[in-house]
>>> print(open('run-v3.cif').read())   # mmCIF, C-alpha atoms
data_start
loop_
_atom_site.label_atom_id
_atom_site.label_comp_id
_atom_site.auth_asym_id
_atom_site.auth_seq_id
_atom_site.Cartn_x
_atom_site.Cartn_y
_atom_site.Cartn_z
CA MET A 1 0.00 0.00 0.00
CA PRO A 2 1.23 3.51 -0.73
CA GLY A 3 2.30 5.47 2.32
CA PRO A 4 0.94 8.85 3.38
CA PRO A 5 1.67 11.71 1.01
CA GLU A 6 4.86 13.66 1.59
CA PRO A 7 4.28 17.02 3.34
CA THR A 8 4.24 19.92 0.92
CA ILE A 9 6.00 23.24 1.43
CA SER A 10 2.59 24.75 2.16
CA ASP A 11 1.92 22.11 4.83
CA ASP A 12 5.26 22.90 6.46
CA ALA A 13 4.54 26.63 6.54
CA ALA A 14 1.11 26.12 8.06
CA ALA A 15 2.35 23.63 10.67
CA SER A 16 5.15 25.90 11.87
CA PHE A 17 2.94 29.01 11.86
CA ALA A 18 -0.13 27.60 13.63
CA PRO A 19 1.36 27.36 17.18
CA LEU A 20 2.47 31.00 16.96
CA ARG A 21 -0.74 32.50 15.59
CA ALA A 22 -2.43 33.27 18.93
CA ARG A 23 0.63 35.11 20.28
CA LEU A 24 1.03 37.05 17.03
CA ILE A 25 -2.64 38.08 17.16
CA ARG A 26 -2.07 39.36 20.72
CA VAL A 27 0.97 41.38 19.63
CA ALA A 28 -0.94 42.90 16.71
CA TYR A 29 -4.08 43.62 18.75
CA ARG A 30 -2.12 45.35 21.52
CA MET A 31 -0.36 47.44 18.89
CA LEU A 32 -3.47 48.37 16.89
CA GLY A 33 -6.48 48.12 19.22
CA SER A 34 -8.42 46.45 16.43
CA VAL A 35 -9.28 42.76 16.23
CA ALA A 36 -9.99 42.96 12.50
CA GLU A 37 -6.74 44.80 11.70
CA ALA A 38 -4.77 42.42 13.92
CA GLU A 39 -6.14 39.43 12.03
CA ASP A 40 -5.33 41.09 8.69
CA VAL A 41 -1.74 41.79 9.80
CA VAL A 42 -1.22 38.23 10.99
CA GLN A 43 -2.64 36.86 7.75
CA ASP A 44 -0.20 39.07 5.83
CA ALA A 45 2.63 37.73 8.01
CA TYR A 46 1.48 34.17 7.23
CA LEU A 47 1.65 34.85 3.48
CA ARG A 48 5.15 36.27 3.92
CA TRP A 49 6.10 33.18 5.93
CA HIS A 50 5.10 31.05 2.93
CA ARG A 51 7.50 33.03 0.71
CA THR A 52 10.37 32.91 3.23
CA ASP A 53 13.26 30.46 3.05
CA ARG A 54 12.31 28.93 6.40
CA ALA A 55 15.42 26.73 6.49
CA GLU A 56 17.38 29.93 7.07
CA VAL A 57 15.22 31.05 10.02
CA ARG A 58 16.64 29.82 13.34
CA ASP A 59 13.95 31.47 15.50
CA PRO A 60 10.52 31.45 13.80
CA ALA A 61 8.81 33.12 16.78
CA GLY A 62 11.28 36.01 16.82
CA PHE A 63 11.24 36.34 13.04
CA LEU A 64 7.43 36.47 12.85
CA THR A 65 7.15 38.86 15.80
CA ARG A 66 9.47 41.22 13.91
CA VAL A 67 7.36 40.90 10.77
CA VAL A 68 4.08 41.51 12.63
CA THR A 69 5.49 44.48 14.55
CA ARG A 70 6.78 46.15 11.40
CA LEU A 71 3.46 45.59 9.63
CA CYS A 72 1.66 47.10 12.63
CA LEU A 73 3.89 50.19 12.53
CA ASP A 74 2.87 50.65 8.88
CA VAL A 75 -0.82 50.29 9.76
CA LEU A 76 -0.52 52.77 12.64
CA LYS A 77 0.60 55.52 10.27
CA SER A 78 -2.75 55.45 8.46
CA ALA A 79 -4.73 54.53 11.58
CA ARG A 80 -3.67 57.69 13.38
CA LEU A 81 -4.90 59.82 10.49
CA ARG A 82 -8.27 58.01 10.58
CA ARG A 83 -8.59 58.52 14.33
CA GLU A 84 -7.98 62.25 14.00
CA THR A 85 -11.22 62.49 12.02
CA TYR A 86 -13.11 59.86 14.07
CA ILE A 87 -16.54 60.98 15.24
CA GLY A 88 -16.70 61.03 19.05
CA PRO A 89 -14.39 59.16 21.46
CA TRP A 90 -12.32 56.35 19.95
CA LEU A 91 -12.18 53.10 21.94
CA PRO A 92 -10.39 49.86 21.03
CA GLU A 93 -12.43 47.05 19.55
CA PRO A 94 -13.56 45.07 22.61
CA LEU A 95 -11.59 41.90 23.29
CA ILE A 96 -13.96 39.57 25.13
CA THR A 97 -12.70 36.91 27.55
CA ALA A 98 -14.25 34.71 30.21
CA GLN A 99 -11.52 35.59 32.73
CA PRO A 100 -9.62 38.89 33.21
CA ASP A 101 -6.18 37.39 32.50
CA GLU A 102 -7.25 34.87 29.87
CA ASP A 103 -5.13 36.54 27.18
CA GLY A 104 -1.99 36.13 29.28
CA ASP A 105 -1.03 39.75 29.98
CA ASP A 106 -2.16 42.52 32.31
CA ILE A 107 -3.02 45.11 29.66
CA THR A 108 -6.46 46.56 30.41
CA LEU A 109 -8.60 48.87 28.33
CA THR A 110 -7.41 51.88 30.35
CA LEU A 111 -3.81 50.91 29.64
CA MET A 112 -4.57 50.50 25.94
CA LEU A 113 -5.93 54.04 25.86
CA ALA A 114 -2.74 55.23 27.53
CA LEU A 115 -0.75 53.40 24.84
CA GLU A 116 -2.69 55.36 22.22
CA ARG A 117 -0.99 58.51 23.47
CA LEU A 118 2.47 57.09 22.76
CA SER A 119 4.39 57.26 19.52
CA PRO A 120 4.24 54.01 17.50
CA LEU A 121 7.90 53.24 18.35
CA GLU A 122 7.36 53.85 22.08
CA ARG A 123 4.31 51.64 21.99
CA ALA A 124 6.18 48.86 20.20
CA ALA A 125 9.21 49.00 22.53
CA PHE A 126 7.03 48.92 25.65
CA LEU A 127 4.81 46.08 24.47
CA LEU A 128 7.61 43.93 23.13
CA HIS A 129 9.73 44.31 26.28
CA ASP A 130 7.36 44.82 29.21
CA VAL A 131 4.45 42.70 27.99
CA PHE A 132 5.89 40.06 25.66
CA GLY A 133 9.31 39.71 27.29
CA LEU A 134 11.60 40.31 24.33
CA GLY A 135 15.16 41.42 25.00
CA PHE A 136 16.36 44.80 23.81
CA ASP A 137 18.74 43.22 21.30
CA GLU A 138 15.76 41.63 19.56
CA ILE A 139 13.70 44.83 19.85
CA ALA A 140 16.56 46.81 18.31
CA ARG A 141 16.54 44.47 15.28
CA THR A 142 12.76 44.74 15.04
CA LEU A 143 12.61 48.55 15.18
CA ASP A 144 15.87 49.14 13.33
CA ARG A 145 17.19 51.24 16.22
CA ASP A 146 20.16 50.74 18.51
CA VAL A 147 19.71 49.07 21.90
CA ALA A 148 20.15 52.28 23.90
CA ALA A 149 17.44 54.03 21.86
CA CYS A 150 15.04 51.12 22.41
CA ARG A 151 15.67 51.18 26.16
CA GLN A 152 14.86 54.88 26.15
CA LEU A 153 11.69 54.36 24.11
CA ALA A 154 10.46 51.70 26.56
CA ALA A 155 11.35 53.84 29.60
CA ARG A 156 9.44 56.85 28.27
CA ALA A 157 6.44 54.67 27.51
CA ARG A 158 6.59 53.07 30.95
CA GLY A 159 6.46 56.49 32.58
CA HIS A 160 3.35 57.43 30.61
CA VAL A 161 1.38 54.26 31.35
CA ARG A 162 2.46 53.68 34.97
CA ALA A 163 -0.40 55.75 36.37
CA GLU A 164 -2.96 53.71 34.44
CA ARG A 165 -2.11 50.34 35.99
CA PRO A 166 -4.72 49.05 38.45
CA ARG A 167 -3.93 50.29 41.96
CA PHE A 168 -6.65 48.40 43.80
CA PRO A 169 -6.77 44.65 43.10
CA MET A 170 -10.28 43.27 42.87
CA SER A 171 -11.55 39.70 42.82
CA ASP A 172 -13.18 38.38 39.67
CA GLU A 173 -16.40 37.79 41.60
CA ARG A 174 -16.51 41.34 42.94
CA GLY A 175 -15.86 42.79 39.50
CA GLN A 176 -18.71 40.89 37.93
CA ALA A 177 -21.01 41.68 40.86
CA ILE A 178 -20.40 45.41 40.29
CA ALA A 179 -20.97 44.99 36.55
CA GLY A 180 -24.26 43.18 37.18
CA ALA A 181 -25.44 45.79 39.65
CA PHE A 182 -24.55 48.55 37.19
CA PHE A 183 -26.49 46.88 34.38
CA GLU A 184 -29.63 46.70 36.54
CA ALA A 185 -29.32 50.24 37.94
CA SER A 186 -28.50 51.88 34.61
CA ARG A 187 -31.38 50.20 32.76
CA SER A 188 -33.94 50.99 35.46
CA GLY A 189 -32.66 54.53 36.00
CA ASP A 190 -32.36 53.89 39.75
CA LEU A 191 -30.54 57.06 40.82
CA LYS A 192 -29.90 55.86 44.36
CA ALA A 193 -28.32 52.61 43.16
CA LEU A 194 -26.29 54.41 40.48
CA THR A 195 -25.00 56.96 42.98
CA ALA A 196 -23.85 54.13 45.26
CA LEU A 197 -21.91 52.52 42.40
CA LEU A 198 -20.24 55.54 40.80
CA ALA A 199 -17.22 57.57 41.89
CA ASP A 200 -17.72 61.32 42.15
CA ASP A 201 -15.42 61.94 39.18
CA VAL A 202 -16.68 59.07 37.01
CA VAL A 203 -16.26 59.52 33.25
CA PHE A 204 -18.49 58.03 30.55
CA TYR A 205 -17.11 57.29 27.07
CA GLY A 206 -19.42 56.22 24.26
CA ASP A 207 -17.99 55.05 20.93
CA GLY A 208 -20.58 55.13 18.18
CA GLY A 209 -18.15 56.12 15.43
CA GLY A 210 -20.88 58.16 13.74
CA LYS A 211 -22.70 54.90 12.94
CA ARG A 212 -24.99 54.78 16.01
CA ILE A 213 -26.16 57.36 18.52
CA ALA A 214 -23.54 58.07 21.18
CA ALA A 215 -22.25 61.06 23.14
CA ARG A 216 -19.79 63.03 21.00
CA ASN A 217 -17.67 63.95 24.03
CA PRO A 218 -16.85 62.24 27.33
CA ILE A 219 -19.35 62.95 30.11
CA THR A 220 -17.69 63.71 33.44
CA GLY A 221 -19.00 63.74 37.01
CA ILE A 222 -21.50 61.67 38.93
CA ALA A 223 -24.35 64.15 38.50
CA ARG A 224 -24.08 64.28 34.71
CA VAL A 225 -23.56 60.53 34.31
CA THR A 226 -26.53 59.62 36.51
CA ARG A 227 -28.68 62.10 34.57
CA LEU A 228 -27.58 60.42 31.35
CA PHE A 229 -28.72 56.98 32.48
CA ALA A 230 -31.89 58.28 34.09
CA GLY A 231 -32.78 59.96 30.80
CA LEU A 232 -32.06 56.79 28.81
CA ALA A 233 -34.22 54.76 31.19
CA ARG A 234 -37.12 57.19 30.68
CA LYS A 235 -36.72 57.04 26.91
CA TYR A 236 -36.24 53.28 26.61
CA HIS A 237 -38.13 50.71 28.64
CA PRO A 238 -35.83 48.32 30.56
CA SER A 239 -37.26 45.41 28.57
CA MET A 240 -35.63 46.88 25.45
CA SER A 241 -32.19 46.10 26.91
CA THR A 242 -31.18 42.48 27.40
CA LEU A 243 -28.07 41.20 29.13
CA VAL A 244 -26.46 38.81 26.65
CA ALA A 245 -23.39 37.82 28.65
CA ALA A 246 -21.37 39.03 31.63
CA ARG A 247 -17.77 39.03 30.49
CA TRP A 248 -14.36 40.67 30.90
CA ILE A 249 -13.67 43.26 28.23
CA ASP A 250 -10.00 44.04 27.75
CA GLY A 251 -9.35 42.98 31.32
CA LEU A 252 -12.18 45.04 32.85
CA PRO A 253 -15.46 43.71 34.26
CA GLY A 254 -18.36 44.34 31.93
CA PHE A 255 -21.06 42.85 29.76
CA ILE A 256 -22.47 42.48 26.28
CA SER A 257 -26.02 43.70 25.92
CA ARG A 258 -28.61 43.87 23.18
CA GLU A 259 -30.17 47.30 23.03
CA ALA A 260 -33.08 48.55 20.95
CA ASP A 261 -30.72 49.31 18.06
CA GLY A 262 -28.29 46.40 18.34
CA LEU A 263 -25.42 44.92 20.35
CA GLN A 264 -23.06 46.95 22.49
CA THR A 265 -20.34 46.25 25.03
CA THR A 266 -19.80 48.00 28.36
CA ALA A 267 -16.54 47.85 30.31
CA LEU A 268 -16.08 49.33 33.78
CA ALA A 269 -12.91 50.63 35.43
CA VAL A 270 -13.32 50.17 39.18
CA GLU A 271 -11.29 51.61 42.07
CA ASN A 272 -12.14 51.14 45.75
CA ASP A 273 -15.44 49.47 44.78
CA ARG A 274 -16.56 52.54 42.81
CA ILE A 275 -16.83 52.82 39.03
CA VAL A 276 -14.41 55.50 37.82
CA ALA A 277 -14.88 55.04 34.07
CA ILE A 278 -17.54 53.55 31.80
CA TYR A 279 -16.53 52.50 28.28
CA VAL A 280 -19.37 51.70 25.89
CA VAL A 281 -18.70 50.50 22.33
CA ARG A 282 -21.69 50.87 20.00
CA ASN A 283 -19.96 51.26 16.64
CA PRO A 284 -21.15 48.16 14.71
CA ASP A 285 -17.87 48.04 12.78
CA LYS A 286 -16.11 47.25 16.07
CA LEU A 287 -18.54 44.49 17.04
CA ARG A 288 -18.38 42.37 13.90
CA HIS A 289 -16.06 39.85 15.53
CA LEU A 290 -18.67 38.99 18.19
CA PRO A 291 -20.63 35.80 17.50
CA THR A 292 -24.06 36.47 15.97
CA PRO A 293 -26.98 36.86 16.12
CA ALA A 294 -27.25 36.87 19.91
CA VAL A 295 -23.77 35.83 21.06
CA PRO A 296 -24.98 32.40 22.27
CA SER A 297 -21.45 30.99 22.51
CA LEU A 298 -20.59 33.50 25.26
CA GLN A 299 -23.41 32.40 27.53
#
>>> encode(input="run-v3.cif", output="structure tokens")
Amino acid sequence: MPGPPEPTISDDAAASFAPLRARLIRVAYRMLGSVAEAEDVVQDAYLRWHRTDRAEVRDPAGFLTRVVTRLCLDVLKSARLRRETYIGPWLPEPLITAQPDEDGDDITLTLMLALERLSPLERAAFLLHDVFGLGFDEIARTLDRDVAACRQLAARARGHVRAERPRFPMSDERGQAIAGAFFEASRSGDLKALTALLADDVVFYGDGGGKRIAARNPITGIARVTRLFAGLARKYHPSMSTLVAARWIDGLPGFISREADGLQTTALAVENDRIVAIYVVRNPDKLRHLPTPAVPSLQ
């Protein structure tokens, strides 16, 4: 009997790439804040891997991380121009997990927003070193800079994002309990319950991207935020909002809900048992990666 067919070059490329794909997606997502763009970048890296003389590559993981990072830097040039004309607050596409540390790093949504304020090279140096554990020699090859410059890039970035790291550890159970209580209070317009949940200087961010109704500017302060939710509760009956799944969104407690006009995600930054920031993504372009039609697989 004939034996199994010999592996083709394509089979070899796929087999060596597959174990690295999840990590490469994480690198690209942390760089870009977009699930769709991260997947496109990694697919581009895969096609380049096919065309590479892989026998000459001693460290496939390092080689592909360099490729993905450089592709991300190219994407960021055009992405920054798009975000300058973005309608309303820009938030990253929500990365949904069942546990806060399921993706293997401690980057939360608030940290990702801090990364947005960095230059692309600072962002890359910080992520590659502080999050993904690459040495500065490797980072220098990736960014085409000398080692001292890469150390400086990472140090500057670290200084910018230090203040955004969680200062008050919170159990998973407590985080989801606060998220559940917020869902109920915000949909019913219960001012007393909302006031008990929110910090005095709470900030609300709504990302509709001009595609769905959302506040064009952040709303700051407990009085204004409670008025916002009280007004929404008067306008929309609570039955028009359904909790689809309680989940962690970019490391923050939150939930996916179905509103009168479609799905949205809500993530909550919590300090000392009070909600200090509310991040709501309503832009349908940023929710395409969620399972449809009712996100049953997240239940």
>>> closest_residue(input="run-v3.cif", among="A:Ala55, A:Leu64, A:Arg165, A:Arg151", to="Ala18 in chain A", atoms="all atoms listed in the file")
A:Leu64
>>> residues_around(input="run-v3.cif", residues="Ala14 in chain A", least_positions_apart="5", cutoff="12 Å", atoms="only C-alpha atoms", output="list in words")
Pro7, Thr8, Ile9, Pro19, Leu20, Arg21, Gln43, Ala45, Tyr46, Leu47, Arg48, Trp49, His50, Arg51 and Arg54 of chain A
>>> atom_distance(input="run-v3.cif", atom1="CA of Arg258 in chain A", atom2="CA of Lys211 in chain A")
16.2 Å
>>> resolve_selection(input="run-v3.cif", expression="the PyMOL selection byres ((chain A and resi 223) around 10)", output="list in words")
Leu191, Thr195, Leu198, Asp200, Asp201, Val202, Ile219, Thr220, Gly221, Ile222, Arg224, Val225, Thr226, Arg227 and Leu228 of chain A
>>> closest_residue(input="run-v3.cif", among="A:Gly159, A:Pro284, A:Pro94, A:Gly62", to="Glu138 in chain A", atoms="all atoms listed in the file")
A:Gly62
>>> closest_residue(input="run-v3.cif", among="A:Leu143, A:Ala154, A:Ala277, A:Val161", to="Leu113 in chain A", atoms="only C-alpha atoms")
A:Val161
>>> resolve_selection(input="run-v3.cif", expression="the PyMOL selection byres ((chain A and resi 245-251) around 6)", output="VMD selection string")
chain A and resid 94 to 98 100 108 to 109 243 to 244 252 to 256 267 299
>>> residues_around(input="run-v3.cif", residues="Leu91 in chain A", least_positions_apart="6", cutoff="12 Å", atoms="all atoms listed in the file", output="PyMOL selection string")
chain A and resi 32-34+83+109-116+204-209+218+249-250+265-267+278-283+285-287
>>> resolve_selection(input="run-v3.cif", expression="the PyMOL selection byres ((chain A and resi 235-237) around 12)", output="MDAnalysis selection string")
chainID A and resid 186:189 228:234 238:242 259:261
>>> residues_around(input="run-v3.cif", residues="Leu24 in chain A", least_positions_apart="5", cutoff="8 Å", atoms="all atoms listed in the file", output="list in words")
Val42, Leu64, Thr65 and Val68 of chain A
>>> atom_distance(input="run-v3.cif", atom1="CA of Lys77 in chain A", atom2="CA of Gly135 in chain A")
25.1 Å
>>> atom_distance(input="run-v3.cif", atom1="CA of Leu153 in chain A", atom2="CA of Asp74 in chain A")
18.0 Å
>>> residues_near_point(input="run-v3.cif", point="(-0.2, 57.9, 14.8)", cutoff="12 Å", atoms="all atoms listed in the file", output="number ranges by chain")
A: 31-32, 72-84, 115-123
>>> closest_residue(input="run-v3.cif", among="A:Arg274, A:His160, A:Val41, A:Ala215", to="Leu194 in chain A", atoms="only C-alpha atoms")
A:Arg274
>>> decode(input="run-v3.cif", residues="range 262-274 of chain A", atoms="all heavy atoms", output="PDB file, in the first residue's frame")
ATOM      1  N   GLY A 262     -29.338  47.364  18.623  1.00  0.00           N
ATOM      2  CA  GLY A 262     -28.286  46.398  18.344  1.00  0.00           C
ATOM      3  C   GLY A 262     -27.394  46.108  19.538  1.00  0.00           C
ATOM      4  O   GLY A 262     -27.619  46.582  20.651  1.00  0.00           O
ATOM      5  N   LEU A 263     -26.351  45.313  19.289  1.00  0.00           N
ATOM      6  CA  LEU A 263     -25.421  44.917  20.353  1.00  0.00           C
ATOM      7  C   LEU A 263     -24.538  46.083  20.775  1.00  0.00           C
ATOM      8  O   LEU A 263     -24.257  46.992  19.998  1.00  0.00           O
ATOM      9  CB  LEU A 263     -24.528  43.773  19.883  1.00  0.00           C
ATOM     10  CG  LEU A 263     -25.135  42.382  19.724  1.00  0.00           C
ATOM     11  CD1 LEU A 263     -24.081  41.440  19.161  1.00  0.00           C
ATOM     12  CD2 LEU A 263     -25.676  41.856  21.035  1.00  0.00           C
ATOM     13  N   GLN A 264     -24.096  46.046  22.018  1.00  0.00           N
ATOM     14  CA  GLN A 264     -23.058  46.950  22.491  1.00  0.00           C
ATOM     15  C   GLN A 264     -22.311  46.265  23.622  1.00  0.00           C
ATOM     16  O   GLN A 264     -22.799  45.311  24.220  1.00  0.00           O
ATOM     17  CB  GLN A 264     -23.628  48.296  22.955  1.00  0.00           C
ATOM     18  CG  GLN A 264     -24.421  48.254  24.238  1.00  0.00           C
ATOM     19  CD  GLN A 264     -24.931  49.636  24.642  1.00  0.00           C
ATOM     20  OE1 GLN A 264     -25.362  50.428  23.818  1.00  0.00           O
ATOM     21  NE2 GLN A 264     -24.891  49.918  25.928  1.00  0.00           N
ATOM     22  N   THR A 265     -21.100  46.755  23.890  1.00  0.00           N
ATOM     23  CA  THR A 265     -20.342  46.251  25.030  1.00  0.00           C
ATOM     24  C   THR A 265     -20.113  47.389  26.011  1.00  0.00           C
ATOM     25  O   THR A 265     -19.994  48.556  25.628  1.00  0.00           O
ATOM     26  CB  THR A 265     -18.969  45.681  24.600  1.00  0.00           C
ATOM     27  OG1 THR A 265     -18.174  46.723  24.023  1.00  0.00           O
ATOM     28  CG2 THR A 265     -19.139  44.544  23.615  1.00  0.00           C
ATOM     29  N   THR A 266     -20.063  47.034  27.296  1.00  0.00           N
ATOM     30  CA  THR A 266     -19.804  47.998  28.360  1.00  0.00           C
ATOM     31  C   THR A 266     -18.703  47.450  29.247  1.00  0.00           C
ATOM     32  O   THR A 266     -18.795  46.317  29.734  1.00  0.00           O
ATOM     33  CB  THR A 266     -21.069  48.242  29.205  1.00  0.00           C
ATOM     34  OG1 THR A 266     -22.121  48.735  28.363  1.00  0.00           O
ATOM     35  CG2 THR A 266     -20.793  49.255  30.317  1.00  0.00           C
ATOM     36  N   ALA A 267     -17.641  48.220  29.421  1.00  0.00           N
ATOM     37  CA  ALA A 267     -16.541  47.847  30.308  1.00  0.00           C
ATOM     38  C   ALA A 267     -16.433  48.892  31.410  1.00  0.00           C
ATOM     39  O   ALA A 267     -16.647  50.087  31.161  1.00  0.00           O
ATOM     40  CB  ALA A 267     -15.228  47.757  29.534  1.00  0.00           C
ATOM     41  N   LEU A 268     -16.087  48.449  32.619  1.00  0.00           N
ATOM     42  CA  LEU A 268     -16.078  49.332  33.780  1.00  0.00           C
ATOM     43  C   LEU A 268     -14.712  49.319  34.458  1.00  0.00           C
ATOM     44  O   LEU A 268     -14.198  48.252  34.826  1.00  0.00           O
ATOM     45  CB  LEU A 268     -17.140  48.885  34.789  1.00  0.00           C
ATOM     46  CG  LEU A 268     -18.567  48.731  34.243  1.00  0.00           C
ATOM     47  CD1 LEU A 268     -19.473  48.107  35.299  1.00  0.00           C
ATOM     48  CD2 LEU A 268     -19.116  50.082  33.796  1.00  0.00           C
ATOM     49  N   ALA A 269     -14.124  50.501  34.619  1.00  0.00           N
ATOM     50  CA  ALA A 269     -12.913  50.633  35.429  1.00  0.00           C
ATOM     51  C   ALA A 269     -13.344  50.912  36.861  1.00  0.00           C
ATOM     52  O   ALA A 269     -14.134  51.829  37.106  1.00  0.00           O
ATOM     53  CB  ALA A 269     -12.042  51.767  34.905  1.00  0.00           C
ATOM     54  N   VAL A 270     -12.862  50.109  37.792  1.00  0.00           N
ATOM     55  CA  VAL A 270     -13.320  50.170  39.183  1.00  0.00           C
ATOM     56  C   VAL A 270     -12.134  50.416  40.108  1.00  0.00           C
ATOM     57  O   VAL A 270     -11.095  49.765  39.985  1.00  0.00           O
ATOM     58  CB  VAL A 270     -14.040  48.864  39.588  1.00  0.00           C
ATOM     59  CG1 VAL A 270     -14.514  48.934  41.039  1.00  0.00           C
ATOM     60  CG2 VAL A 270     -15.216  48.581  38.644  1.00  0.00           C
ATOM     61  N   GLU A 271     -12.283  51.357  41.027  1.00  0.00           N
ATOM     62  CA  GLU A 271     -11.288  51.605  42.075  1.00  0.00           C
ATOM     63  C   GLU A 271     -12.018  51.767  43.401  1.00  0.00           C
ATOM     64  O   GLU A 271     -13.004  52.504  43.487  1.00  0.00           O
ATOM     65  CB  GLU A 271     -10.481  52.878  41.774  1.00  0.00           C
ATOM     66  CG  GLU A 271      -9.587  52.762  40.549  1.00  0.00           C
ATOM     67  CD  GLU A 271      -8.747  54.006  40.334  1.00  0.00           C
ATOM     68  OE1 GLU A 271      -8.841  54.935  41.180  1.00  0.00           O
ATOM     69  OE2 GLU A 271      -8.011  54.063  39.342  1.00  0.00           O
ATOM     70  N   ASN A 272     -11.522  51.067  44.415  1.00  0.00           N
ATOM     71  CA  ASN A 272     -12.143  51.141  45.748  1.00  0.00           C
ATOM     72  C   ASN A 272     -13.643  50.882  45.694  1.00  0.00           C
ATOM     73  O   ASN A 272     -14.449  51.566  46.334  1.00  0.00           O
ATOM     74  CB  ASN A 272     -11.878  52.504  46.391  1.00  0.00           C
ATOM     75  CG  ASN A 272     -10.478  52.602  46.971  1.00  0.00           C
ATOM     76  OD1 ASN A 272      -9.868  51.587  47.311  1.00  0.00           O
ATOM     77  ND2 ASN A 272      -9.956  53.806  47.060  1.00  0.00           N
ATOM     78  N   ASP A 273     -14.039  49.889  44.897  1.00  0.00           N
ATOM     79  CA  ASP A 273     -15.438  49.475  44.777  1.00  0.00           C
ATOM     80  C   ASP A 273     -16.343  50.523  44.129  1.00  0.00           C
ATOM     81  O   ASP A 273     -17.564  50.398  44.184  1.00  0.00           O
ATOM     82  CB  ASP A 273     -16.026  49.072  46.144  1.00  0.00           C
ATOM     83  CG  ASP A 273     -15.813  47.592  46.439  1.00  0.00           C
ATOM     84  OD1 ASP A 273     -15.215  46.910  45.590  1.00  0.00           O
ATOM     85  OD2 ASP A 273     -16.244  47.135  47.507  1.00  0.00           O
ATOM     86  N   ARG A 274     -15.766  51.529  43.512  1.00  0.00           N
ATOM     87  CA  ARG A 274     -16.559  52.538  42.809  1.00  0.00           C
ATOM     88  C   ARG A 274     -16.132  52.571  41.341  1.00  0.00           C
ATOM     89  O   ARG A 274     -14.938  52.477  41.028  1.00  0.00           O
ATOM     90  CB  ARG A 274     -16.383  53.928  43.424  1.00  0.00           C
ATOM     91  CG  ARG A 274     -16.953  54.068  44.833  1.00  0.00           C
ATOM     92  CD  ARG A 274     -18.479  53.950  44.830  1.00  0.00           C
ATOM     93  NE  ARG A 274     -19.065  54.141  46.144  1.00  0.00           N
ATOM     94  CZ  ARG A 274     -19.726  55.248  46.518  1.00  0.00           C
ATOM     95  NH1 ARG A 274     -19.863  56.262  45.680  1.00  0.00           N
ATOM     96  NH2 ARG A 274     -20.250  55.324  47.725  1.00  0.00           N
TER      97      ARG A 274
END
